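> File coords-v9.cif follows (mmCIF, C-alpha atoms):
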```cif
data_upload
#
loop_
_atom_site.label_atom_id
_atom_site.label_comp_id
_atom_site.auth_asym_id
_atom_site.auth_seq_id
_atom_site.Cartn_x
_atom_site.Cartn_y
_atom_site.Cartn_z
CA MET A 1 0.00 0.00 0.00
CA PRO A 2 1.57 3.33 -0.99
CA ARG A 3 2.77 5.74 1.65
CA LEU A 4 0.70 8.50 0.05
CA LEU A 5 -2.56 6.71 0.85
CA PRO A 6 -3.91 9.32 3.34
CA LEU A 7 -3.35 12.07 0.76
CA CYS A 8 -4.99 9.93 -1.90
CA VAL A 9 -7.98 9.37 0.37
CA ALA A 10 -8.38 13.13 0.86
CA VAL A 11 -8.11 13.84 -2.88
CA LEU A 12 -10.63 11.15 -3.76
CA ALA A 13 -13.03 12.46 -1.10
CA CYS A 14 -12.84 15.97 -2.59
CA LEU A 15 -13.66 14.50 -5.98
CA GLY A 16 -16.61 12.56 -4.57
CA LEU A 17 -14.81 9.26 -5.20
CA SER A 18 -13.66 6.55 -2.81
CA LEU A 19 -11.07 3.80 -2.52
CA SER A 20 -11.90 0.27 -3.57
CA ALA A 21 -12.32 -2.18 -0.69
CA ALA A 22 -9.04 -3.91 -1.56
CA ASP A 23 -7.11 -0.64 -1.11
CA ARG A 24 -8.49 0.20 2.31
CA PRO A 25 -6.45 -0.32 5.51
CA ASN A 26 -7.43 -2.87 8.12
CA ILE A 27 -8.51 -1.75 11.60
CA LEU A 28 -7.81 -3.42 14.93
CA MET A 29 -9.66 -1.79 17.83
CA ILE A 30 -8.36 -2.78 21.27
CA VAL A 31 -10.57 -2.00 24.27
CA SER A 32 -9.25 -2.67 27.75
CA ASP A 33 -11.81 -3.44 30.45
CA ASP A 34 -11.68 -1.85 33.94
CA HIS A 35 -8.16 -0.42 33.62
CA ALA A 36 -7.00 2.72 35.45
CA TRP A 37 -5.44 5.48 33.34
CA PHE A 38 -2.21 5.42 35.35
CA ASP A 39 -1.60 1.65 35.13
CA TYR A 40 0.65 1.68 32.06
CA GLY A 41 4.40 1.94 31.82
CA PHE A 42 4.19 4.74 29.25
CA MET A 43 1.89 6.68 31.59
CA GLY A 44 4.54 6.58 34.29
CA SER A 45 3.55 3.51 36.30
CA LYS A 46 6.19 1.78 38.40
CA ALA A 47 3.62 -0.70 39.72
CA VAL A 48 2.85 -2.63 36.54
CA SER A 49 4.71 -3.83 33.44
CA THR A 50 3.13 -3.17 30.01
CA PRO A 51 5.93 -3.57 27.43
CA HIS A 52 3.65 -4.22 24.46
CA LEU A 53 1.38 -1.28 25.19
CA ASP A 54 4.48 0.86 25.75
CA LYS A 55 5.76 -0.17 22.31
CA LEU A 56 2.39 0.63 20.74
CA ALA A 57 2.42 4.04 22.43
CA ALA A 58 5.88 4.79 21.02
CA GLU A 59 4.49 4.09 17.54
CA SER A 60 1.21 5.98 17.98
CA ARG A 61 -0.41 9.36 18.13
CA VAL A 62 -1.08 9.24 21.88
CA PHE A 63 -3.62 11.21 23.88
CA PRO A 64 -2.67 10.72 27.55
CA ARG A 65 -5.71 12.82 28.47
CA GLY A 66 -8.35 10.70 26.80
CA TYR A 67 -11.84 10.40 28.28
CA VAL A 68 -14.71 7.97 27.97
CA THR A 69 -18.27 9.28 28.04
CA ASN A 70 -19.37 7.24 31.06
CA SER A 71 -17.47 5.16 33.64
CA LEU A 72 -19.73 2.15 33.14
CA CYS A 73 -18.90 -0.34 30.40
CA GLY A 74 -22.22 -0.60 28.49
CA PRO A 75 -22.76 3.13 27.90
CA SER A 76 -19.03 3.69 27.37
CA LEU A 77 -18.72 1.04 24.66
CA ALA A 78 -21.88 2.29 22.94
CA SER A 79 -20.32 5.75 22.60
CA MET A 80 -17.17 4.30 21.02
CA LEU A 81 -19.25 2.47 18.44
CA THR A 82 -21.74 5.24 17.64
CA GLY A 83 -19.65 8.39 17.97
CA ARG A 84 -22.39 9.81 20.19
CA HIS A 85 -22.60 10.89 23.81
CA VAL A 86 -24.65 8.79 26.20
CA HIS A 87 -27.68 11.08 26.31
CA ARG A 88 -27.84 10.84 22.49
CA HIS A 89 -27.54 7.09 21.98
CA GLY A 90 -29.72 6.63 25.07
CA LEU A 91 -28.06 3.60 26.66
CA THR A 92 -27.35 5.14 30.04
CA GLY A 93 -26.75 1.88 31.90
CA ASN A 94 -25.87 -1.78 31.54
CA ASP A 95 -29.31 -3.23 32.21
CA PRO A 96 -32.99 -2.27 32.26
CA LEU A 97 -34.43 -1.57 35.69
CA VAL A 98 -36.61 -4.56 36.47
CA PRO A 99 -37.57 -5.08 40.14
CA VAL A 100 -37.47 -8.82 40.59
CA SER A 101 -37.94 -10.69 43.84
CA ILE A 102 -35.37 -13.39 44.57
CA PRO A 103 -36.95 -16.84 44.08
CA ALA A 104 -37.22 -19.13 47.06
CA GLY A 105 -33.96 -20.99 47.59
CA ALA A 106 -31.84 -18.54 45.57
CA LYS A 107 -29.08 -17.24 47.78
CA GLY A 108 -26.31 -14.81 47.00
CA ALA A 109 -25.89 -12.00 44.51
CA ALA A 110 -24.84 -14.27 41.63
CA LYS A 111 -27.94 -16.44 41.89
CA ALA A 112 -30.17 -13.39 42.25
CA ALA A 113 -28.62 -11.83 39.15
CA ALA A 114 -29.06 -15.03 37.17
CA ALA A 115 -32.72 -15.21 38.18
CA LYS A 116 -33.23 -11.57 37.22
CA GLN A 117 -31.70 -12.05 33.79
CA LYS A 118 -34.17 -14.82 32.95
CA ASN A 119 -37.15 -12.67 33.89
CA ALA A 120 -39.48 -11.83 30.96
CA ALA A 121 -39.56 -8.13 31.83
CA PHE A 122 -35.78 -8.03 31.92
CA LEU A 123 -35.52 -9.72 28.52
CA ASP A 124 -38.09 -7.32 27.08
CA GLY A 125 -36.09 -4.39 28.44
CA ARG A 126 -32.95 -5.77 26.86
CA ALA A 127 -34.75 -6.06 23.52
CA GLN A 128 -35.79 -2.41 23.77
CA MET A 129 -32.20 -1.40 24.53
CA ILE A 130 -30.94 -3.25 21.46
CA LYS A 131 -33.57 -1.58 19.31
CA ARG A 132 -32.55 1.82 20.66
CA PHE A 133 -28.87 1.08 20.00
CA GLN A 134 -29.58 0.22 16.37
CA GLU A 135 -31.16 3.64 15.81
CA SER A 136 -27.68 5.19 15.93
CA PRO A 137 -24.96 4.84 13.30
CA ILE A 138 -22.71 1.93 14.31
CA LEU A 139 -19.08 1.72 13.22
CA PRO A 140 -18.85 -1.88 11.94
CA ARG A 141 -22.10 -1.43 10.04
CA LEU A 142 -20.77 1.72 8.35
CA LEU A 143 -17.50 -0.02 7.53
CA GLY A 144 -19.45 -2.94 6.09
CA GLU A 145 -20.98 -0.54 3.59
CA GLN A 146 -17.41 0.14 2.42
CA GLY A 147 -16.60 -3.53 1.82
CA TYR A 148 -15.15 -4.41 5.23
CA VAL A 149 -15.54 -7.76 6.92
CA SER A 150 -15.69 -7.47 10.69
CA LEU A 151 -15.32 -9.57 13.81
CA GLN A 152 -16.72 -9.07 17.31
CA THR A 153 -14.89 -10.60 20.26
CA GLY A 154 -15.04 -9.93 23.99
CA LYS A 155 -17.43 -7.52 25.67
CA TRP A 156 -20.65 -6.95 23.75
CA TRP A 157 -23.86 -5.79 25.41
CA MET A 158 -26.26 -5.48 22.49
CA GLY A 159 -27.48 -9.01 21.86
CA PRO A 160 -25.86 -11.17 19.16
CA TYR A 161 -22.93 -9.76 17.22
CA GLN A 162 -25.10 -9.13 14.14
CA THR A 163 -26.91 -6.24 15.85
CA GLY A 164 -23.78 -4.13 15.48
CA GLY A 165 -23.31 -4.94 11.82
CA PHE A 166 -20.44 -7.36 12.38
CA THR A 167 -20.09 -10.03 9.70
CA GLU A 168 -18.68 -12.49 12.23
CA GLY A 169 -18.60 -12.72 16.00
CA MET A 170 -18.36 -14.77 19.15
CA THR A 171 -21.28 -13.42 21.18
CA LYS A 172 -24.58 -15.21 20.65
CA GLY A 173 -26.78 -12.80 22.60
CA GLY A 174 -25.84 -13.06 26.26
CA ARG A 175 -26.02 -10.02 28.50
CA HIS A 176 -22.43 -8.86 28.15
CA GLY A 177 -20.59 -11.25 25.88
CA ASP A 178 -21.21 -14.97 26.65
CA GLU A 179 -18.77 -16.98 24.46
CA GLY A 180 -17.06 -13.77 23.40
CA LEU A 181 -15.56 -13.46 26.87
CA ASP A 182 -13.25 -16.41 26.15
CA ILE A 183 -11.10 -14.17 23.98
CA GLY A 184 -7.75 -13.34 25.54
CA ARG A 185 -8.32 -15.39 28.68
CA LYS A 186 -8.73 -18.77 26.96
CA THR A 187 -7.85 -18.27 23.31
CA LEU A 188 -6.94 -15.79 20.57
CA ALA A 189 -7.72 -18.20 17.75
CA PRO A 190 -11.05 -16.63 16.66
CA LEU A 191 -9.25 -13.32 16.15
CA THR A 192 -6.03 -14.59 14.57
CA ASP A 193 -7.93 -16.99 12.30
CA PHE A 194 -10.19 -14.15 11.17
CA ILE A 195 -7.20 -11.94 10.34
CA SER A 196 -5.60 -14.70 8.27
CA ARG A 197 -8.85 -15.48 6.49
CA ALA A 198 -9.50 -11.83 5.63
CA LYS A 199 -6.02 -11.58 4.14
CA LYS A 200 -6.55 -14.73 2.09
CA ASP A 201 -9.89 -13.39 0.81
CA GLY A 202 -8.39 -9.98 -0.02
CA LYS A 203 -10.85 -8.19 2.28
CA PRO A 204 -10.13 -5.22 4.55
CA PHE A 205 -11.12 -6.05 8.10
CA PHE A 206 -12.34 -4.40 11.29
CA ALA A 207 -11.59 -6.44 14.40
CA TRP A 208 -13.14 -5.57 17.79
CA TYR A 209 -10.86 -6.96 20.50
CA ALA A 210 -12.53 -6.13 23.82
CA PRO A 211 -11.52 -8.95 26.19
CA MET A 212 -12.80 -9.00 29.75
CA MET A 213 -9.28 -8.09 30.86
CA PRO A 214 -8.06 -6.92 33.31
CA HIS A 215 -11.71 -7.02 34.51
CA ASP A 216 -12.48 -9.32 37.42
CA PRO A 217 -12.43 -12.20 38.09
CA HIS A 218 -8.76 -11.46 38.58
CA THR A 219 -7.36 -14.91 37.77
CA PRO A 220 -3.93 -14.28 36.23
CA PRO A 221 -1.44 -17.08 35.53
CA GLU A 222 0.63 -17.92 38.58
CA ARG A 223 3.85 -16.99 36.73
CA LEU A 224 2.57 -13.38 36.51
CA LEU A 225 0.96 -13.21 39.92
CA ALA A 226 4.27 -14.27 41.48
CA LYS A 227 5.87 -11.12 40.05
CA TYR A 228 3.44 -8.84 41.89
CA ARG A 229 2.85 -10.52 45.27
CA ASP A 230 5.63 -8.60 46.98
CA LYS A 231 5.56 -5.64 44.60
CA SER A 232 1.92 -4.58 45.02
CA PRO A 233 0.46 -3.03 48.21
CA THR A 234 -2.34 -5.58 48.71
CA PRO A 235 -3.21 -9.09 47.46
CA GLN A 236 -6.11 -7.69 45.39
CA ALA A 237 -3.84 -5.10 43.79
CA ALA A 238 -1.31 -7.82 42.97
CA LYS A 239 -3.96 -9.84 41.15
CA TYR A 240 -5.19 -6.77 39.26
CA HIS A 241 -1.66 -5.74 38.24
CA ALA A 242 -0.93 -9.27 37.04
CA MET A 243 -4.13 -9.16 34.99
CA VAL A 244 -2.95 -5.92 33.34
CA GLU A 245 0.30 -7.59 32.30
CA TRP A 246 -1.58 -10.67 31.05
CA PHE A 247 -3.76 -8.42 28.90
CA ASP A 248 -0.60 -6.69 27.65
CA GLU A 249 0.84 -10.05 26.62
CA THR A 250 -2.19 -10.80 24.46
CA ILE A 251 -1.66 -7.54 22.57
CA GLY A 252 1.89 -8.62 21.84
CA GLU A 253 0.62 -11.95 20.48
CA ILE A 254 -1.92 -10.26 18.21
CA ARG A 255 0.62 -7.79 16.86
CA ALA A 256 3.05 -10.65 16.24
CA HIS A 257 0.35 -12.35 14.17
CA LEU A 258 -0.15 -9.19 12.11
CA GLU A 259 3.60 -9.13 11.47
CA LYS A 260 3.59 -12.80 10.52
CA GLU A 261 0.81 -12.17 7.98
CA GLY A 262 2.61 -9.12 6.59
CA LEU A 263 -0.27 -6.85 7.63
CA ALA A 264 1.33 -4.64 10.28
CA ARG A 265 1.89 -1.66 7.97
CA ASP A 266 -1.57 -2.02 6.46
CA THR A 267 -3.42 -2.04 9.79
CA ILE A 268 -4.63 0.90 11.88
CA ILE A 269 -4.63 0.12 15.60
CA VAL A 270 -6.80 2.10 17.99
CA TYR A 271 -6.54 1.67 21.75
CA ILE A 272 -8.81 2.82 24.59
CA ALA A 273 -10.10 1.51 27.95
CA ASP A 274 -13.81 1.42 28.73
CA ASN A 275 -13.47 2.83 32.27
CA GLY A 276 -11.08 2.86 35.20
CA TRP A 277 -10.49 0.53 38.11
CA ILE A 278 -8.85 1.18 41.47
CA PRO A 279 -8.73 -1.85 43.79
CA ARG A 280 -10.02 -1.37 47.32
CA THR A 281 -7.47 -1.90 50.05
CA ASP A 282 -9.77 -3.76 52.43
CA LYS A 283 -11.35 -6.41 50.20
CA PRO A 284 -11.29 -7.80 46.62
CA SER A 285 -13.50 -5.14 45.07
CA VAL A 286 -13.34 -1.81 43.28
CA ASP A 287 -13.28 1.69 44.75
CA PHE A 288 -16.59 2.85 43.30
CA GLU A 289 -16.16 6.26 44.92
CA ARG A 290 -13.05 7.12 42.91
CA SER A 291 -13.00 4.88 39.81
CA LYS A 292 -15.56 2.70 38.06
CA GLN A 293 -19.04 4.31 38.08
CA SER A 294 -17.58 7.57 39.44
CA PRO A 295 -17.08 10.94 37.68
CA PHE A 296 -13.45 11.17 38.81
CA ASP A 297 -10.55 10.65 36.42
CA GLY A 298 -9.99 7.27 38.07
CA GLY A 299 -13.22 6.24 36.36
CA VAL A 300 -13.38 8.25 33.13
CA ARG A 301 -9.82 8.97 32.01
CA THR A 302 -7.93 6.66 29.63
CA PRO A 303 -5.07 6.95 27.20
CA ILE A 304 -6.27 6.89 23.59
CA MET A 305 -3.87 5.77 20.87
CA VAL A 306 -4.04 5.70 17.07
CA SER A 307 -1.30 3.91 15.16
CA TRP A 308 -0.70 3.38 11.44
CA PRO A 309 2.97 2.69 10.70
CA GLY A 310 4.39 5.00 8.07
CA ARG A 311 1.14 6.97 7.80
CA ILE A 312 0.48 8.51 11.22
CA LYS A 313 3.44 10.24 12.81
CA PRO A 314 4.00 9.19 16.42
CA ALA A 315 3.35 12.06 18.82
CA VAL A 316 2.08 12.84 22.31
CA VAL A 317 -0.84 15.26 22.08
CA ALA A 318 -1.60 17.57 25.00
CA GLU A 319 -5.24 18.27 24.13
CA ALA A 320 -7.96 16.17 25.71
CA ALA A 321 -9.65 13.56 23.53
CA SER A 322 -12.95 11.69 23.80
CA ALA A 323 -14.19 8.22 22.99
CA VAL A 324 -16.66 9.82 20.55
CA ASP A 325 -13.67 10.91 18.45
CA ILE A 326 -12.80 7.35 17.45
CA MET A 327 -15.58 6.82 14.88
CA PRO A 328 -14.99 9.99 12.80
CA THR A 329 -11.22 9.46 12.95
CA LEU A 330 -11.41 5.93 11.60
CA LEU A 331 -14.01 6.72 8.95
CA LYS A 332 -11.92 9.62 7.64
CA LEU A 333 -8.76 7.51 7.62
CA VAL A 334 -10.38 4.87 5.41
CA GLY A 335 -12.10 7.39 3.14
CA ALA A 336 -15.64 6.57 4.28
CA PRO A 337 -18.46 9.09 4.85
CA VAL A 338 -18.67 10.46 8.40
CA PRO A 339 -22.16 10.91 9.91
CA ALA A 340 -22.92 14.63 9.92
CA ASP A 341 -24.64 14.56 13.32
CA GLY A 342 -21.83 12.87 15.28
CA ASP A 343 -20.33 14.33 18.47
CA GLY A 344 -16.65 13.65 17.84
CA LEU A 345 -13.66 15.19 16.10
CA ASP A 346 -10.94 13.79 13.87
CA LEU A 347 -8.04 12.97 16.19
CA LEU A 348 -5.60 13.88 13.43
CA ASP A 349 -7.00 17.40 13.08
CA ASP A 350 -4.78 19.52 15.33
CA ALA A 351 -6.67 22.75 14.65
CA ALA A 352 -10.03 21.24 15.59
CA LEU A 353 -8.62 19.70 18.76
CA LYS A 354 -7.08 22.99 19.87
CA ALA A 355 -10.31 24.87 19.13
CA ARG A 356 -12.55 22.50 21.11
CA PRO A 357 -13.34 24.30 24.39
CA PHE A 358 -13.87 21.19 26.51
CA VAL A 359 -14.48 17.46 26.65
CA ALA A 360 -17.55 16.35 28.61
CA GLY A 361 -19.27 13.26 29.88
CA GLN A 362 -21.77 11.91 32.38
CA ASN A 363 -22.32 9.19 34.93
CA SER A 364 -25.54 7.34 35.50
CA THR A 365 -27.15 4.50 37.41
CA HIS A 366 -26.17 0.92 36.59
CA ASP A 367 -29.76 0.06 35.66
CA ILE A 368 -31.60 2.30 33.19
CA LEU A 369 -34.50 4.00 34.97
CA ASP A 370 -36.23 5.22 31.80
CA LEU A 371 -34.93 4.28 28.33
CA ALA A 372 -36.94 7.07 26.72
CA ARG A 373 -35.51 9.74 29.06
CA PRO A 374 -31.72 9.64 29.52
CA ALA A 375 -31.84 12.35 32.20
CA ALA A 376 -33.82 10.02 34.48
CA SER A 377 -30.68 7.96 35.22
CA LEU A 378 -28.24 10.87 35.43
CA ARG A 379 -26.03 11.11 38.53
CA TYR A 380 -23.24 13.46 37.43
CA ARG A 381 -22.19 15.65 34.54
CA TRP A 382 -18.56 16.68 34.18
CA LEU A 383 -16.27 18.52 31.81
CA VAL A 384 -12.56 19.03 31.32
CA ALA A 385 -11.55 22.44 29.96
CA GLY A 386 -7.80 22.91 29.75
CA ASP A 387 -6.41 21.92 33.14
CA LEU A 388 -9.70 22.43 34.99
CA LYS A 389 -12.35 19.81 35.67
CA LEU A 390 -15.87 20.51 36.91
CA ILE A 391 -18.16 17.85 38.40
CA VAL A 392 -21.86 18.60 38.95
CA SER A 393 -24.13 16.21 40.83
CA THR A 394 -27.86 15.61 40.41
CA GLY A 395 -28.17 14.08 43.89
CA LEU A 396 -29.21 10.72 42.42
CA ARG A 397 -27.80 7.71 44.21
CA THR A 398 -26.24 4.70 42.49
CA GLY A 399 -29.41 2.70 43.01
CA GLY A 400 -31.59 5.36 41.43
CA LYS A 401 -33.05 7.07 44.51
CA GLN A 402 -32.65 10.75 45.26
CA GLN A 403 -30.74 11.76 48.34
CA GLY A 404 -33.07 12.34 51.26
CA SER A 405 -34.02 15.73 52.69
CA GLY A 406 -31.60 15.23 55.55
CA ASP A 407 -28.64 14.65 53.24
CA ALA A 408 -26.33 17.38 52.03
CA ILE A 409 -26.65 17.46 48.24
CA GLU A 410 -23.19 17.41 46.74
CA PRO A 411 -22.08 20.87 45.62
CA PRO A 412 -20.14 21.35 42.36
CA ARG A 413 -16.50 20.29 42.57
CA LEU A 414 -13.56 21.87 40.75
CA PHE A 415 -10.08 20.43 40.28
CA ASP A 416 -6.86 21.58 38.67
CA LEU A 417 -5.78 18.37 36.94
CA LYS A 418 -2.28 19.59 36.15
CA ALA A 419 -1.45 20.40 39.77
CA ASP A 420 -3.72 17.71 41.24
CA PRO A 421 -4.11 14.77 38.79
CA TYR A 422 -5.74 12.53 41.41
CA GLU A 423 -8.40 15.14 42.30
CA LEU A 424 -7.66 15.40 45.99
CA ARG A 425 -8.14 19.16 46.44
CA ASP A 426 -11.52 20.68 45.60
CA LEU A 427 -11.09 24.31 44.48
CA ALA A 428 -14.78 25.17 44.00
CA ALA A 429 -15.04 27.38 47.09
CA GLU A 430 -11.85 29.24 46.17
CA ARG A 431 -12.70 29.82 42.51
CA PRO A 432 -16.47 30.48 42.22
CA GLU A 433 -16.09 32.38 38.94
CA ASP A 434 -14.50 29.36 37.29
CA VAL A 435 -17.32 27.18 38.60
CA LYS A 436 -19.89 29.58 37.16
CA ARG A 437 -18.13 29.84 33.79
CA LEU A 438 -17.66 26.10 33.40
CA THR A 439 -21.21 25.35 34.53
CA THR A 440 -22.47 27.59 31.72
CA GLN A 441 -20.35 25.62 29.26
CA LEU A 442 -21.57 22.33 30.69
CA ASP A 443 -25.20 23.44 30.39
CA GLY A 444 -24.51 24.40 26.78
CA TRP A 445 -23.40 20.84 26.13
CA TRP A 446 -26.35 19.21 27.93
CA THR A 447 -28.46 20.57 30.76
CA GLY A 448 -29.19 17.11 32.11
CA ARG A 449 -32.90 17.54 31.61
#
```
Would you mind writing the file out in structure tokens?


Amino acid sequence: MPRLLPLCVAVLACLGLSLSAADRPNILMIVSDDHAWFDYGFMGSKAVSTPHLDKLAAESRVFPRGYVTNSLCGPSLASMLTGRHVHRHGLTGNDPLVPVSIPAGAKGAAKAAAAKQKNAAFLDGRAQMIKRFQESPILPRLLGEQGYVSLQTGKWWMGPYQTGGFTEGMTKGGRHGDEGLDIGRKTLAPLTDFISRAKKDGKPFFAWYAPMMPHDPHTPPERLLAKYRDKSPTPQAAKYHAMVEWFDETIGEIRAHLEKEGLARDTIIVYIADNGWIPRTDKPSVDFERSKQSPFDGGVRTPIMVSWPGRIKPAVVAEAASAVDIMPTLLKLVGAPVPADGDGLDLLDDAALKARPFVAGQNSTHDILDLARPAASLRYRWLVAGDLKLIVSTGLRTGGKQQGSGDAIEPPRLFDLKADPYELRDLAAERPEDVKRLTTQLDGWWTGR
């Protein structure tokens, strides 16, 4: 493939023409699962080893200040695939809210969840969510219109893989991936076989590699866990850190396969994590207050990387980026039409990135309170403008109930991320004018009503 391909794509687009399918680059999209923004070697971590991700970063256009749209996996992944913010694609949570009593004899959260997921009302709610998802433009479907074959592996919330326009996939329709969750942990064969087959057939491919890694259960190989037992502060942190390195190893294996097939220079690789994860110090769980399901950077920040050897110049970009930027970036790179009503920018457009005043997102309840009204599930809105971050609460609890009259409703919070990257010092009381100014910007993005 000629080195002048990006220029050729732009010229053809201006002329109203497009590349043939055989001339288009392949795309590998890697999505980490429950992975804190600081747990990478290239992001400065001394706690965990990520040599393959570090190598990818050195070869990529890297956005250390990337953000997802929601710190919960279902809504976050939907934004990556649709190029739309959560309140626009409408999938504010992982599941429909279906009050279900626990059947007699069912004990424990796992059994209760299993019973709930077989409930007719729950299944109907899931069907409505899938229908809502398909109302948005979806990346693999749009790429399919350009001659791409595509594969779904790993996390997938929207029924069987076909609902996203994938031509192949592992998930048959289970709540968040079923057989697709074997990828990475048990095998890479469905992905590597697909890559080889696409090459043999002369088809450009889009591969969605979203393993449930380092997501719990944290069951790393003993050879990796042994490295972290004495290095990590707690046993749960050791298991999580070992999972991060295990995930990193799988990326090395996939990239080695691309090299073996002679496809490395013809393949765009995009990397992002769905949300953060900070292990609790007292038990094997997550710190929900500061990471997953929270509006703090521990939950919503992630490095974003775009690599295309010989075509995209490696660089570290200071401007903030968003998960909604991935769709328009990829579509432009392959010379495909970009939906006019999307929320993202081209990550290769420096002028547009510098001109964007802020990156915003929201947090919502795990279960969707009202599919027709995204604001019903809203807990927080937040934005990052330069070095400042504003967090505004609605007073809604995780479970969907408003704080009581005796509770102190959370006031807006303001942080200087450059001076205080872990958001430990709230500046809202000291800088009321900044709070007012940023609240106006946030309301201009979405009022939350």

> Under the rule that only C-alpha atoms are counted, which of A:Ser307, A:Pro96, A:Ser294, A:Val338 is the nearest residue to Arg397 in chain A?

A:Ser294

> Go through A:Ile326, A:Gly299, A:Gly400, A:Arg311 and flag the residue nearest Glu423 in chain A, using all atoms listed in the file for the distances.

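Under the stated criterion, the closest residue is A:Gly299.
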
> Exactly which residues make up the result of the PyMOL selection byres ((chain A and resi 48) around 12) on this file, given as a ChimeraX atom specification?

/A:35-36,38-47,49-51,53-54,224-225,227-229,231-233,237-248

> Find the distance between CA of Ile183 in chain A and CA of Ile272 in chain A and write it in Å to one decimal.

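Straight-line distance from CA of Ile183 in chain A to CA of Ile272 in chain A works out to 17.2 Å.
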
> With the PyMOL selection byres ((chain A and resi 164-169) around 6) as the selection, what would be picked from this file? Answer as a tab-separated table (two decimals) with C-alpha atoms, in the coordinates of the input, please.


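Contents of the output file expr22.tsv:
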```tsv
chain	number	residue	atom	x	y	z
A	140	PRO	CA	-18.85	-1.88	11.94
A	141	ARG	CA	-22.10	-1.43	10.04
A	149	VAL	CA	-15.54	-7.76	6.92
A	150	SER	CA	-15.69	-7.47	10.69
A	151	LEU	CA	-15.32	-9.57	13.81
A	152	GLN	CA	-16.72	-9.07	17.31
A	161	TYR	CA	-22.93	-9.76	17.22
A	162	GLN	CA	-25.10	-9.13	14.14
A	163	THR	CA	-26.91	-6.24	15.85
A	170	MET	CA	-18.36	-14.77	19.15
A	171	THR	CA	-21.28	-13.42	21.18
```

> Return as a list of chain:residue names the set of residues that the PyMOL selection byres ((chain A and resi 85) around 8) yields on the displayed structure.

A:Thr69, A:Ser79, A:Gly83, A:Arg84, A:Val86, A:His87, A:Arg88, A:His89, A:Val324, A:Asp343, A:Gly361

> Under the rule that only C-alpha atoms are counted, which of A:Pro432, A:Pro357, A:Gly448, A:Pro211 is the nearest residue to Ile251 in chain A?

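So, comparing all the options, the nearest one is A:Pro211.
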
> Report as a PyMOL selection string all protein, DNA and RNA residues lying within 6 Å of range 273-282 of chain A, evaluated on only C-alpha atoms, omitting residues in the same chain fewer than 2 positions from it.

chain A and resi 31-36+71+73+76+237+285-287+291-292+298-300+302

> Could you tell me how far CA of Leu72 in chain A sits from CA of Arg290 in chain A, in Å to one decimal place?

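Those two atoms sit 12.8 Å apart.
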
> Which is closer to Leu331 in chain A than all the others in A:Gly344, A:Pro64, A:Gly180, A:Gly444, using all atoms listed in the file?

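Of A:Gly344, A:Pro64, A:Gly180, A:Gly444, the one nearest Leu331 in chain A, counting all atoms listed in the file, is A:Gly344.
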
> With a distance cut-off of 10 Å and only C-alpha atoms, select the neighbouring residues of Leu369 in chain A, excluding the residue or stretch itself and same-chain residues fewer than 5 positions from it, and output the selection as number ranges by chain.

A: 92-93, 95-98, 364, 374-378, 399-400

> Once you have the residues from the selection above, write them out as an mmCIF file, in the coordinates of the input, restricted to C-alpha atoms.


```
data_model
loop_
_atom_site.group_PDB
_atom_site.id
_atom_site.type_symbol
_atom_site.label_atom_id
_atom_site.label_comp_id
_atom_site.auth_asym_id
_atom_site.auth_seq_id
_atom_site.Cartn_x
_atom_site.Cartn_y
_atom_site.Cartn_z
ATOM 1 C CA THR A 92 -27.350 5.140 30.040
ATOM 2 C CA GLY A 93 -26.750 1.880 31.900
ATOM 3 C CA ASP A 95 -29.310 -3.230 32.210
ATOM 4 C CA PRO A 96 -32.990 -2.270 32.260
ATOM 5 C CA LEU A 97 -34.430 -1.570 35.690
ATOM 6 C CA VAL A 98 -36.610 -4.560 36.470
ATOM 7 C CA SER A 364 -25.540 7.340 35.500
ATOM 8 C CA PRO A 374 -31.720 9.640 29.520
ATOM 9 C CA ALA A 375 -31.840 12.350 32.200
ATOM 10 C CA ALA A 376 -33.820 10.020 34.480
ATOM 11 C CA SER A 377 -30.680 7.960 35.220
ATOM 12 C CA LEU A 378 -28.240 10.870 35.430
ATOM 13 C CA GLY A 399 -29.410 2.700 43.010
ATOM 14 C CA GLY A 400 -31.590 5.360 41.430
#
```

> What is the distance between CA of Thr447 in chain A and CA of Ser322 in chain A, in Å to one decimal?

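Computed distance, CA of Thr447 in chain A to CA of Ser322 in chain A, equals 19.2 Å.
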
> Kindly indicate which residue among A:Arg185, A:Lys116, A:Arg413, A:Lys401 lies nearest to Val384 in chain A, using all atoms listed in the file for the distances.

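The shortest atom-to-atom distance to Val384 in chain A comes from A:Arg413.
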
> Using all atoms listed in the file, which of A:Arg437, A:Arg373, A:Arg379, A:Lys389 sits nearest Asp420 in chain A?

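Closest to Asp420 in chain A, using all atoms listed in the file: A:Lys389.
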
> Excluding same-chain residues fewer than 6 positions from Ile195 in chain A, what lies within 12 Å of it counting all atoms listed in the file, as a ChimeraX atom specification?

/A:26-28,149-151,168,188-189,201-209,254-264,267

> Within 12 Å of (-23.8, -16.2, 25.6) (coordinates as in the file), grab all the protein and nucleic acid residues, counting all atoms listed in the file, and write them out as a ChimeraX atom specification.

/A:153-161,169-182
